[in-house]
>>> print(open('data-v6.cif').read())   # mmCIF, C-alpha atoms
data_target
#
loop_
_atom_site.group_PDB
_atom_site.id
_atom_site.type_symbol
_atom_site.label_atom_id
_atom_site.label_comp_id
_atom_site.auth_asym_id
_atom_site.auth_seq_id
_atom_site.Cartn_x
_atom_site.Cartn_y
_atom_site.Cartn_z
ATOM 1 C CA MET A 1 -2.634 -62.438 -4.966
ATOM 2 C CA ALA A 2 -1.057 -65.596 -6.347
ATOM 3 C CA VAL A 3 -3.084 -68.018 -8.450
ATOM 4 C CA LYS A 4 -1.308 -70.550 -10.622
ATOM 5 C CA ASP A 5 -1.199 -69.671 -14.349
ATOM 6 C CA PHE A 6 -2.377 -66.062 -13.778
ATOM 7 C CA PRO A 7 -0.148 -62.965 -13.790
ATOM 8 C CA ALA A 8 0.891 -61.424 -10.481
ATOM 9 C CA THR A 9 -0.203 -57.915 -11.475
ATOM 10 C CA GLY A 10 -3.803 -56.944 -12.186
ATOM 11 C CA THR A 11 -5.696 -53.878 -13.421
ATOM 12 C CA ILE A 12 -8.850 -52.323 -12.015
ATOM 13 C CA ASN A 13 -11.994 -54.223 -12.985
ATOM 14 C CA ILE A 14 -14.186 -51.112 -13.199
ATOM 15 C CA GLU A 15 -14.053 -49.744 -16.749
ATOM 16 C CA SER A 16 -15.478 -46.271 -16.075
ATOM 17 C CA LEU A 17 -16.056 -43.950 -13.129
ATOM 18 C CA SER A 18 -18.643 -41.930 -15.071
ATOM 19 C CA ASP A 19 -22.251 -43.084 -14.744
ATOM 20 C CA SER A 20 -22.871 -42.059 -18.356
ATOM 21 C CA ASP A 21 -20.339 -44.555 -19.734
ATOM 22 C CA ILE A 22 -20.446 -48.289 -20.434
ATOM 23 C CA GLY A 23 -18.459 -50.075 -17.758
ATOM 24 C CA TYR A 24 -19.659 -47.934 -14.864
ATOM 25 C CA GLY A 25 -20.811 -49.735 -11.723
ATOM 26 C CA MET A 26 -18.898 -52.981 -12.246
ATOM 27 C CA LEU A 27 -17.654 -54.918 -9.234
ATOM 28 C CA ASP A 28 -14.748 -53.183 -7.505
ATOM 29 C CA GLY A 29 -11.701 -55.421 -7.689
ATOM 30 C CA LEU A 30 -8.625 -56.327 -9.707
ATOM 31 C CA ARG A 31 -8.715 -58.117 -13.047
ATOM 32 C CA TYR A 32 -5.981 -60.555 -14.050
ATOM 33 C CA THR A 33 -5.970 -61.626 -17.685
ATOM 34 C CA LYS A 34 -4.030 -64.434 -19.316
ATOM 35 C CA GLY A 35 -3.644 -63.387 -22.952
ATOM 36 C CA ASP A 36 -6.102 -61.575 -25.195
ATOM 37 C CA ASP A 37 -8.530 -64.481 -25.447
ATOM 38 C CA GLY A 38 -7.479 -66.444 -22.396
ATOM 39 C CA PRO A 39 -8.990 -66.866 -18.945
ATOM 40 C CA THR A 40 -9.730 -63.817 -16.796
ATOM 41 C CA LEU A 41 -9.811 -63.687 -13.007
ATOM 42 C CA VAL A 42 -11.458 -60.909 -10.996
ATOM 43 C CA ALA A 43 -10.322 -60.749 -7.372
ATOM 44 C CA THR A 44 -12.080 -58.754 -4.673
ATOM 45 C CA THR A 45 -12.961 -59.065 -0.999
ATOM 46 C CA ARG A 46 -16.102 -60.363 0.664
ATOM 47 C CA GLY A 47 -16.635 -56.920 2.182
ATOM 48 C CA LEU A 48 -16.467 -55.128 -1.177
ATOM 49 C CA LEU A 49 -18.771 -57.697 -2.786
ATOM 50 C CA GLU A 50 -21.315 -57.407 0.042
ATOM 51 C CA ARG A 51 -21.332 -53.592 -0.173
ATOM 52 C CA TRP A 52 -21.649 -53.753 -3.980
ATOM 53 C CA LEU A 53 -24.611 -56.124 -3.659
ATOM 54 C CA GLN A 54 -26.241 -53.889 -1.055
ATOM 55 C CA ALA A 55 -26.046 -51.013 -3.526
ATOM 56 C CA LYS A 56 -27.489 -53.197 -6.287
ATOM 57 C CA ALA A 57 -30.312 -54.350 -3.998
ATOM 58 C CA ALA A 58 -31.269 -50.694 -3.473
ATOM 59 C CA GLU A 59 -31.438 -49.936 -7.229
ATOM 60 C CA THR A 60 -34.778 -48.548 -8.397
ATOM 61 C CA ASP A 61 -34.159 -49.732 -11.974
ATOM 62 C CA GLU A 62 -35.156 -53.414 -12.027
ATOM 63 C CA SER A 63 -32.656 -54.163 -14.808
ATOM 64 C CA PHE A 64 -29.795 -53.336 -12.398
ATOM 65 C CA LYS A 65 -31.301 -54.796 -9.239
ATOM 66 C CA LEU A 66 -29.665 -57.801 -7.536
ATOM 67 C CA PRO A 67 -30.267 -59.587 -4.223
ATOM 68 C CA ALA A 68 -28.026 -58.582 -1.315
ATOM 69 C CA SER A 69 -27.145 -62.224 -0.546
ATOM 70 C CA ILE A 70 -23.995 -63.585 -2.223
ATOM 71 C CA ASP A 71 -25.507 -67.075 -2.553
ATOM 72 C CA ALA A 72 -28.665 -65.725 -4.211
ATOM 73 C CA ALA A 73 -26.788 -63.321 -6.501
ATOM 74 C CA LEU A 74 -24.484 -66.017 -7.886
ATOM 75 C CA LYS A 75 -27.522 -67.912 -9.184
ATOM 76 C CA LEU A 76 -28.551 -65.009 -11.444
ATOM 77 C CA ASP A 77 -27.144 -64.282 -14.904
ATOM 78 C CA ALA A 78 -27.525 -60.570 -14.139
ATOM 79 C CA PHE A 79 -24.797 -60.868 -11.504
ATOM 80 C CA TYR A 80 -22.198 -61.831 -14.126
ATOM 81 C CA THR A 81 -23.546 -59.228 -16.555
ATOM 82 C CA HIS A 82 -23.072 -56.376 -14.088
ATOM 83 C CA ALA A 83 -20.066 -57.610 -12.096
ATOM 84 C CA ILE A 84 -17.559 -58.658 -14.753
ATOM 85 C CA ASN A 85 -19.004 -57.664 -18.154
ATOM 86 C CA SER A 86 -19.684 -54.273 -19.682
ATOM 87 C CA ASP A 87 -20.657 -54.544 -23.342
ATOM 88 C CA ALA A 88 -23.009 -57.542 -23.439
ATOM 89 C CA ALA A 89 -25.413 -59.527 -21.296
ATOM 90 C CA PHE A 90 -24.435 -62.889 -19.850
ATOM 91 C CA GLU A 91 -26.902 -65.735 -20.535
ATOM 92 C CA GLY A 92 -26.455 -68.976 -18.625
ATOM 93 C CA THR A 93 -26.835 -72.471 -20.060
ATOM 94 C CA LEU A 94 -26.446 -74.647 -16.957
ATOM 95 C CA ASP A 95 -24.780 -74.899 -13.548
ATOM 96 C CA PHE A 96 -22.075 -77.460 -12.820
ATOM 97 C CA PRO A 97 -22.024 -79.772 -9.793
ATOM 98 C CA LEU A 98 -18.806 -78.749 -8.037
ATOM 99 C CA LYS A 99 -16.935 -80.457 -5.214
ATOM 100 C CA MET A 100 -16.247 -77.808 -2.576
ATOM 101 C CA PRO A 101 -12.471 -77.180 -2.422
ATOM 102 C CA GLN A 102 -10.983 -77.478 1.039
ATOM 103 C CA GLY A 103 -11.264 -74.232 2.994
ATOM 104 C CA ALA A 104 -13.792 -72.643 0.622
ATOM 105 C CA ASP A 105 -17.057 -71.172 1.897
ATOM 106 C CA ILE A 106 -18.804 -70.955 -1.488
ATOM 107 C CA ALA A 107 -17.938 -72.548 -4.833
ATOM 108 C CA PHE A 108 -20.258 -72.019 -7.807
ATOM 109 C CA ALA A 109 -19.784 -72.697 -11.526
ATOM 110 C CA ARG A 110 -21.948 -71.777 -14.504
ATOM 111 C CA LEU A 111 -21.711 -72.270 -18.267
ATOM 112 C CA GLY A 112 -22.940 -69.482 -20.503
ATOM 113 C CA GLY A 113 -22.066 -66.802 -22.999
ATOM 114 C CA LYS A 114 -22.137 -63.078 -23.661
ATOM 115 C CA THR A 115 -24.684 -61.805 -26.146
ATOM 116 C CA GLN A 116 -26.453 -58.703 -27.390
ATOM 117 C CA ASP A 117 -29.302 -60.631 -29.000
ATOM 118 C CA VAL A 118 -31.510 -63.679 -28.534
ATOM 119 C CA GLY A 119 -30.699 -67.098 -29.926
ATOM 120 C CA PRO A 120 -27.927 -69.688 -29.661
ATOM 121 C CA ILE A 121 -24.540 -68.666 -28.264
ATOM 122 C CA TYR A 122 -21.951 -70.994 -29.728
ATOM 123 C CA GLU A 123 -18.883 -69.438 -28.062
ATOM 124 C CA GLN A 124 -19.451 -69.984 -24.356
ATOM 125 C CA ASP A 125 -17.420 -69.559 -21.178
ATOM 126 C CA VAL A 126 -17.244 -71.398 -17.911
ATOM 127 C CA ILE A 127 -17.449 -69.030 -14.931
ATOM 128 C CA VAL A 128 -16.306 -70.203 -11.502
ATOM 129 C CA THR A 129 -16.760 -68.172 -8.330
ATOM 130 C CA LEU A 130 -14.917 -69.036 -5.127
ATOM 131 C CA VAL A 131 -15.441 -67.379 -1.741
ATOM 132 C CA LYS A 132 -12.802 -68.331 0.798
ATOM 133 C CA GLY A 133 -12.647 -66.354 4.019
ATOM 134 C CA LYS A 134 -12.382 -62.676 3.090
ATOM 135 C CA SER A 135 -11.330 -63.454 -0.488
ATOM 136 C CA VAL A 136 -13.627 -63.626 -3.537
ATOM 137 C CA MET A 137 -12.416 -64.733 -6.969
ATOM 138 C CA ILE A 138 -14.393 -65.013 -10.206
ATOM 139 C CA THR A 139 -12.751 -66.755 -13.154
ATOM 140 C CA ALA A 140 -14.126 -66.775 -16.703
ATOM 141 C CA ALA A 141 -12.494 -69.025 -19.297
ATOM 142 C CA PRO A 142 -13.458 -70.233 -22.780
ATOM 143 C CA ALA A 143 -15.233 -73.574 -22.497
ATOM 144 C CA ALA A 144 -12.819 -76.396 -23.319
ATOM 145 C CA PRO A 145 -13.925 -78.278 -25.266
ATOM 146 C CA ALA A 146 -16.239 -75.887 -27.072
ATOM 147 C CA VAL A 147 -19.907 -76.378 -26.287
ATOM 148 C CA PRO A 148 -21.311 -78.739 -28.922
ATOM 149 C CA LYS A 149 -24.345 -78.047 -31.048
ATOM 150 C CA ILE A 150 -27.295 -80.239 -30.131
ATOM 151 C CA ALA A 151 -29.669 -80.874 -33.030
ATOM 152 C CA ALA A 152 -32.829 -81.084 -30.916
ATOM 153 C CA CYS A 153 -32.089 -77.691 -29.361
ATOM 154 C CA ASP A 154 -31.191 -76.082 -32.696
ATOM 155 C CA ALA A 155 -34.587 -77.288 -33.949
ATOM 156 C CA VAL A 156 -36.325 -75.610 -30.993
ATOM 157 C CA TRP A 157 -34.705 -72.300 -31.862
ATOM 158 C CA ALA A 158 -35.311 -72.671 -35.625
ATOM 159 C CA ALA A 159 -39.036 -73.210 -35.050
ATOM 160 C CA ALA A 160 -39.282 -70.174 -32.766
ATOM 161 C CA ASP A 161 -37.316 -68.011 -35.185
ATOM 162 C CA ALA A 162 -39.575 -69.051 -38.085
ATOM 163 C CA ALA A 163 -42.672 -68.122 -36.081
ATOM 164 C CA ALA A 164 -41.166 -64.772 -35.100
ATOM 165 C CA GLN A 165 -40.215 -64.013 -38.695
ATOM 166 C CA LYS A 166 -43.830 -64.526 -39.810
ATOM 167 C CA PHE A 167 -45.022 -62.005 -37.228
ATOM 168 C CA GLN A 168 -42.297 -59.630 -38.412
ATOM 169 C CA GLU A 169 -43.486 -60.000 -42.001
ATOM 170 C CA ALA A 170 -47.014 -59.104 -40.883
ATOM 171 C CA TYR A 171 -45.663 -56.102 -39.018
ATOM 172 C CA GLN A 172 -43.708 -54.928 -42.064
ATOM 173 C CA ALA A 173 -46.752 -55.464 -44.297
ATOM 174 C CA SER A 174 -48.806 -53.206 -42.003
ATOM 175 C CA ASP A 175 -46.379 -50.372 -42.644
ATOM 176 C CA LEU A 176 -45.117 -50.801 -39.064
ATOM 177 C CA LYS A 177 -48.583 -50.171 -37.592
ATOM 178 C CA ASP A 178 -49.533 -53.635 -36.351
ATOM 179 C CA GLU A 179 -48.117 -53.428 -32.824
ATOM 180 C CA LYS A 180 -49.636 -56.782 -31.879
ATOM 181 C CA ALA A 181 -47.639 -58.516 -34.608
ATOM 182 C CA PHE A 182 -44.495 -56.691 -33.472
ATOM 183 C CA ASP A 183 -45.017 -57.731 -29.854
ATOM 184 C CA ALA A 184 -45.812 -61.297 -30.917
ATOM 185 C CA SER A 185 -42.563 -61.562 -32.869
ATOM 186 C CA ASN A 186 -40.506 -60.426 -29.870
ATOM 187 C CA ALA A 187 -42.421 -62.776 -27.584
ATOM 188 C CA ALA A 188 -41.717 -65.698 -29.939
ATOM 189 C CA TRP A 189 -37.999 -64.871 -30.027
ATOM 190 C CA ASP A 190 -37.825 -64.481 -26.246
ATOM 191 C CA LYS A 191 -39.621 -67.778 -25.618
ATOM 192 C CA GLY A 192 -37.501 -69.523 -28.237
ATOM 193 C CA ASP A 193 -34.348 -68.234 -26.581
ATOM 194 C CA SER A 194 -35.500 -69.452 -23.167
ATOM 195 C CA ASP A 195 -36.634 -72.825 -24.524
ATOM 196 C CA TYR A 196 -33.351 -73.263 -26.414
ATOM 197 C CA ARG A 197 -31.245 -72.667 -23.316
ATOM 198 C CA ALA A 198 -33.476 -74.979 -21.268
ATOM 199 C CA CYS A 199 -33.024 -77.660 -23.927
ATOM 200 C CA MET A 200 -29.244 -77.256 -23.813
ATOM 201 C CA GLY A 201 -29.282 -77.469 -20.030
ATOM 202 C CA GLN A 202 -31.274 -80.683 -20.242
ATOM 203 C CA HIS A 203 -29.268 -82.428 -22.983
ATOM 204 C CA LEU A 204 -25.702 -81.248 -22.445
ATOM 205 C CA PRO A 205 -24.969 -83.342 -19.313
ATOM 206 C CA ALA A 206 -25.416 -86.479 -21.436
ATOM 207 C CA ASP A 207 -23.107 -85.222 -24.203
ATOM 208 C CA PRO A 208 -19.584 -86.710 -24.466
ATOM 209 C CA ALA A 209 -18.135 -83.199 -24.039
ATOM 210 C CA PHE A 210 -19.650 -82.674 -20.596
ATOM 211 C CA PRO A 211 -17.131 -84.619 -18.439
ATOM 212 C CA ALA A 212 -14.285 -82.528 -19.851
ATOM 213 C CA LEU A 213 -16.181 -79.309 -19.091
ATOM 214 C CA LEU A 214 -16.812 -80.518 -15.555
ATOM 215 C CA THR A 215 -13.116 -81.322 -15.180
ATOM 216 C CA GLN A 216 -12.258 -77.816 -16.399
ATOM 217 C CA VAL A 217 -14.437 -76.002 -13.844
ATOM 218 C CA GLN A 218 -13.324 -78.237 -10.971
ATOM 219 C CA ALA A 219 -9.692 -77.562 -11.853
ATOM 220 C CA LEU A 220 -10.352 -73.795 -11.888
ATOM 221 C CA ALA A 221 -12.078 -73.964 -8.498
ATOM 222 C CA ASP A 222 -9.220 -75.970 -7.010
ATOM 223 C CA GLN A 223 -6.688 -73.622 -8.599
ATOM 224 C CA MET A 224 -8.304 -70.568 -6.977
ATOM 225 C CA ALA A 225 -8.449 -72.393 -3.640
ATOM 226 C CA GLY A 226 -4.701 -72.865 -3.777
ATOM 227 C CA LYS A 227 -4.524 -76.585 -4.528
#
>>> encode(input="data-v6.cif", output="structure tokens")
Amino acid sequence: MAVKDFPATGTINIESLSDSDIGYGMLDGLRYTKGDDGPTLVATTRGLLERWLQAKAAETDESFKLPASIDAALKLDAFYTHAINSDAAFEGTLDFPLKMPQGADIAFARLGGKTQDVGPIYEQDVIVTLVKGKSVMITAAPAAPAVPKIAACDAVWAAADAAAQKFQEAYQASDLKDEKAFDASNAAWDKGDSDYRACMGQHLPADPAFPALLTQVQALADQMAGK
């Protein structure tokens, strides 16, 4: 493999071959990393990706289940969680409108971040997937520029967090017996998280930072296509 600005030698993407360990079941391929905090590229083949998705489609645990179609899978955050991450879930913010590089069959780009909790993710990545013939490449790079904070969206999350905290206080006051209050607090956090990300997806395209982010993902797509 030869992609500009990435090393020529990769390491296996799968982090464990034991089903009891974190990192088991990741997408089979090679990982090329540019520096400790730099962009990462995972390269595999269409055949390996299709067989991996077939296995995920047959999962009985819904948290690991994915559609067998490449197009459908790329539209789900769970794909990036299971394929290229091991220690945190990927949560998407929005999808970018990409121009299809010449010769590519599929080009898809998403903005989002890794998290182990609900709420705003201020350090986000752009993830670009390119399918070209038998080749599949997935690049993740820190968003440049960094994703800005949007006051209206921060307010959405703050209101949800305040509501959830009140339910938590009621739960604590009940000596951890009021299960309805506990469930209500989690529901408020979950809805606030979803509403926050929807708000970001709505407002970010109008932010001055967005054109630069769009330029970044288009450049990555073109780079993987060999331009």
>>> residues_around(input="data-v6.cif", residues="region 17-31 of chain A", least_positions_apart="6", cutoff="8 Å", atoms="all atoms listed in the file", output="ChimeraX atom specification")
/A:10-11,40-45,48-49,52,82-87
>>> resolve_selection(input="data-v6.cif", expression="the PyMOL selection byres ((chain A and resi 60-74) around 10)", output="list in words")
Gly25, Arg46, Leu49, Glu50, Arg51, Trp52, Leu53, Gln54, Ala55, Lys56, Ala57, Ala58, Glu59, Lys75, Leu76, Asp77, Ala78, Phe79, Tyr80, Thr81, His82, Ile106, Ala107, Phe108, Ala109, Arg110, Val128, Thr129 and Val131 of chain A
>>> axis_aligned_box(input="data-v6.cif", around="region 151-166 of chain A", padding_each_side="3 Å", output="AutoDock Vina command-line options")
--center_x -36.7 --center_y -72.5 --center_z -34.6 --size_x 20.2 --size_y 23.1 --size_z 16.4
>>> resolve_selection(input="data-v6.cif", expression="the PyMOL selection byres ((chain A and resi 34) around 12)", output="list of chain:residue names")
A:Val3, A:Lys4, A:Asp5, A:Phe6, A:Pro7, A:Ala8, A:Thr9, A:Gly10, A:Arg31, A:Tyr32, A:Thr33, A:Gly35, A:Asp36, A:Asp37, A:Gly38, A:Pro39, A:Thr40, A:Leu41, A:Val42, A:Thr139, A:Ala140, A:Ala141, A:Pro142
>>> closest_residue(input="data-v6.cif", among="A:Thr215, A:Gln172, A:Gln165, A:Ser135", to="Ala184 (chain A)", atoms="all atoms listed in the file")
A:Gln165
>>> residues_around(input="data-v6.cif", residues="Ala160 (chain A)", least_positions_apart="6", cutoff="12 Å", atoms="all atoms listed in the file", output="JSON list (two decimals) with C-alpha atoms, in the coordinates of the input")
[["chain", "number", "residue", "atom", "x", "y", "z"],
["A", 118, "VAL", "CA", -31.51, -63.68, -28.53],
["A", 119, "GLY", "CA", -30.70, -67.10, -29.93],
["A", 120, "PRO", "CA", -27.93, -69.69, -29.66],
["A", 153, "CYS", "CA", -32.09, -77.69, -29.36],
["A", 154, "ASP", "CA", -31.19, -76.08, -32.70],
["A", 166, "LYS", "CA", -43.83, -64.53, -39.81],
["A", 167, "PHE", "CA", -45.02, -62.00, -37.23],
["A", 184, "ALA", "CA", -45.81, -61.30, -30.92],
["A", 185, "SER", "CA", -42.56, -61.56, -32.87],
["A", 186, "ASN", "CA", -40.51, -60.43, -29.87],
["A", 187, "ALA", "CA", -42.42, -62.78, -27.58],
["A", 188, "ALA", "CA", -41.72, -65.70, -29.94],
["A", 189, "TRP", "CA", -38.00, -64.87, -30.03],
["A", 190, "ASP", "CA", -37.83, -64.48, -26.25],
["A", 191, "LYS", "CA", -39.62, -67.78, -25.62],
["A", 192, "GLY", "CA", -37.50, -69.52, -28.24],
["A", 193, "ASP", "CA", -34.35, -68.23, -26.58],
["A", 194, "SER", "CA", -35.50, -69.45, -23.17],
["A", 195, "ASP", "CA", -36.63, -72.82, -24.52],
["A", 196, "TYR", "CA", -33.35, -73.26, -26.41]]
>>> atom_distance(input="data-v6.cif", atom1="CA of Gly201 (chain A)", atom2="CA of Ala104 (chain A)")
26.3 Å
>>> closest_residue(input="data-v6.cif", among="A:Leu130, A:Asp105, A:Phe90, A:Gly47", to="Asp117 (chain A)", atoms="all atoms listed in the file")
A:Phe90
>>> resolve_selection(input="data-v6.cif", expression="the PyMOL selection byres ((chain A and resi 213) around 10)", output="PyMOL selection string")
chain A and resi 96+111+126+143-147+205+208-212+214-219
>>> atom_distance(input="data-v6.cif", atom1="CA of Ala89 (chain A)", atom2="CA of Met200 (chain A)")
18.3 Å
>>> closest_residue(input="data-v6.cif", among="A:Leu176, A:Ala163, A:Ser16, A:Ala151", to="Asp207 (chain A)", atoms="only C-alpha atoms")
A:Ala151
>>> closest_residue(input="data-v6.cif", among="A:Ile127, A:Ala88, A:Cys199, A:Val136", to="Gly112 (chain A)", atoms="only C-alpha atoms")
A:Ile127
>>> atom_distance(input="data-v6.cif", atom1="CA of Asp95 (chain A)", atom2="CA of Gln124 (chain A)")
13.0 Å
>>> residues_near_point(input="data-v6.cif", point="(-7.8, -68.1, -2.3)", cutoff="7 Å", atoms="only C-alpha atoms", output="ChimeraX atom specification")
/A:132,135,224-226
>>> closest_residue(input="data-v6.cif", among="A:Ala181, A:Gly113, A:Trp157, A:Glu123", to="Ala198 (chain A)", atoms="all atoms listed in the file")
A:Trp157
>>> closest_residue(input="data-v6.cif", among="A:Gly92, A:Ala159, A:Gln102, A:Gly133", to="Thr115 (chain A)", atoms="all atoms listed in the file")
A:Gly92
